[in-house]
Amino acid sequence: MTYTTTATAVRGGLLAAATLLLATAAPAQAAPRQSAGGDWLFVTLTTGDTRSSDTRGTLLLCDPPQGHGRAAEACAQLAAADGDIGAVPTRETYCSMIYAPVTAHARGEWHGRPVEYRETFSNTCVLQARTGAIFALDG
């Protein structure tokens, strides 16, 4: 005479279910990553230092230009620099020596290439002189 405990029966049932599941499961296929299309950047500005800061941002779309107060101008500057924010021509201007740090960050895609940019400037005047309209979030 054979005695089966409840725990043994449950384990056996679970093992059978797992075997059945593994035998019938098809291998998982990774879905291809789809791009949103067009040229786009999510741009943010953080004013202040690490102790007190304020961050704001927006999505800049360039096909057609939208989502940003100066989208057409920002997209034209990005097009001239082939999406490289660091290559945007510096505008000649005189900025004060007041230290009011601002960090510019952009992440997105330009002509299918990923874009990642981050730089801290001494103040907004220097930021605008070096990056043009790209981070001009006030329009």
# chains A, B, ... in the order shown; residues from 1 in each chain; ligands from 1
>>> residues_around(residues="Gly108 of chain A", least_positions_apart="3", cutoff="9 Å", atoms="only C-alpha atoms", output="VMD selection string")
chain A and resid 39 to 43 113 to 116
>>> select_by_dssp(residues="segment 33-112 of chain A", states="strand (DSSP E or B)", output="MDAnalysis selection string")
chainID A and resid 40:48 53:62 65:66 102:110
>>> closest_residue(among="A:Gly48, A:Pro89, A:Gly38, A:Gly112", to="Gln66 of chain A", atoms="only C-alpha atoms")
A:Gly38
>>> closest_residue(among="A:Arg56, A:Arg118, A:His68, A:Arg91", to="His105 of chain A", atoms="only C-alpha atoms")
A:Arg118
>>> residues_around(residues="Leu60 of chain A", least_positions_apart="5", cutoff="12 Å", atoms="only C-alpha atoms", output="count of residues only")
30
>>> residues_around(residues="Cys125 of chain A", least_positions_apart="6", cutoff="10 Å", atoms="only C-alpha atoms", output="list of chain:residue names")
A:Thr93, A:Tyr94, A:Cys95, A:Ser96, A:Met97, A:Ile98, A:Ala100, A:Val102
>>> write_last_selection(atoms="N, CA and C atoms", output="PDB file, in the first residue's frame")
ATOM      1  N   THR A  93      28.368  88.089 -27.998  1.00  0.00           N
ATOM      2  CA  THR A  93      27.604  88.906 -27.068  1.00  0.00           C
ATOM      3  C   THR A  93      28.439  89.135 -25.820  1.00  0.00           C
ATOM      4  N   TYR A  94      28.093  90.132 -25.084  1.00  0.00           N
ATOM      5  CA  TYR A  94      28.770  90.403 -23.819  1.00  0.00           C
ATOM      6  C   TYR A  94      27.858  89.962 -22.696  1.00  0.00           C
ATOM      7  N   CYS A  95      28.372  89.097 -21.844  1.00  0.00           N
ATOM      8  CA  CYS A  95      27.598  88.589 -20.721  1.00  0.00           C
ATOM      9  C   CYS A  95      28.220  89.070 -19.415  1.00  0.00           C
ATOM     10  N   SER A  96      27.383  89.258 -18.420  1.00  0.00           N
ATOM     11  CA  SER A  96      27.876  89.679 -17.110  1.00  0.00           C
ATOM     12  C   SER A  96      28.671  88.543 -16.468  1.00  0.00           C
ATOM     13  N   MET A  97      29.427  88.883 -15.470  1.00  0.00           N
ATOM     14  CA  MET A  97      30.224  87.888 -14.752  1.00  0.00           C
ATOM     15  C   MET A  97      29.477  87.345 -13.535  1.00  0.00           C
ATOM     16  N   ILE A  98      28.176  87.551 -13.479  1.00  0.00           N
ATOM     17  CA  ILE A  98      27.371  87.062 -12.351  1.00  0.00           C
ATOM     18  C   ILE A  98      27.242  85.554 -12.464  1.00  0.00           C
ATOM     19  N   ALA A 100      25.298  82.472 -11.858  1.00  0.00           N
ATOM     20  CA  ALA A 100      23.952  81.944 -11.631  1.00  0.00           C
ATOM     21  C   ALA A 100      23.842  80.688 -12.497  1.00  0.00           C
ATOM     22  N   VAL A 102      23.362  77.369 -14.676  1.00  0.00           N
ATOM     23  CA  VAL A 102      22.248  76.742 -15.371  1.00  0.00           C
ATOM     24  C   VAL A 102      22.804  75.547 -16.144  1.00  0.00           C
TER      25      VAL A 102
END
>>> atom_distance(atom1="atom CA of Asp49 of chain A", atom2="atom CA of Ala104 of chain A")
12.6 Å
>>> closest_residue(among="A:Pro101, A:Tyr117, A:Ser53, A:Arg130", to="Asp84 of chain A", atoms="only C-alpha atoms")
A:Tyr117
>>> atom_distance(atom1="atom CA of Gly57 of chain A", atom2="atom CA of Leu127 of chain A")
15.0 Å
>>> atom_distance(atom1="atom CA of Ser122 of chain A", atom2="atom CA of Ala80 of chain A")
25.3 Å
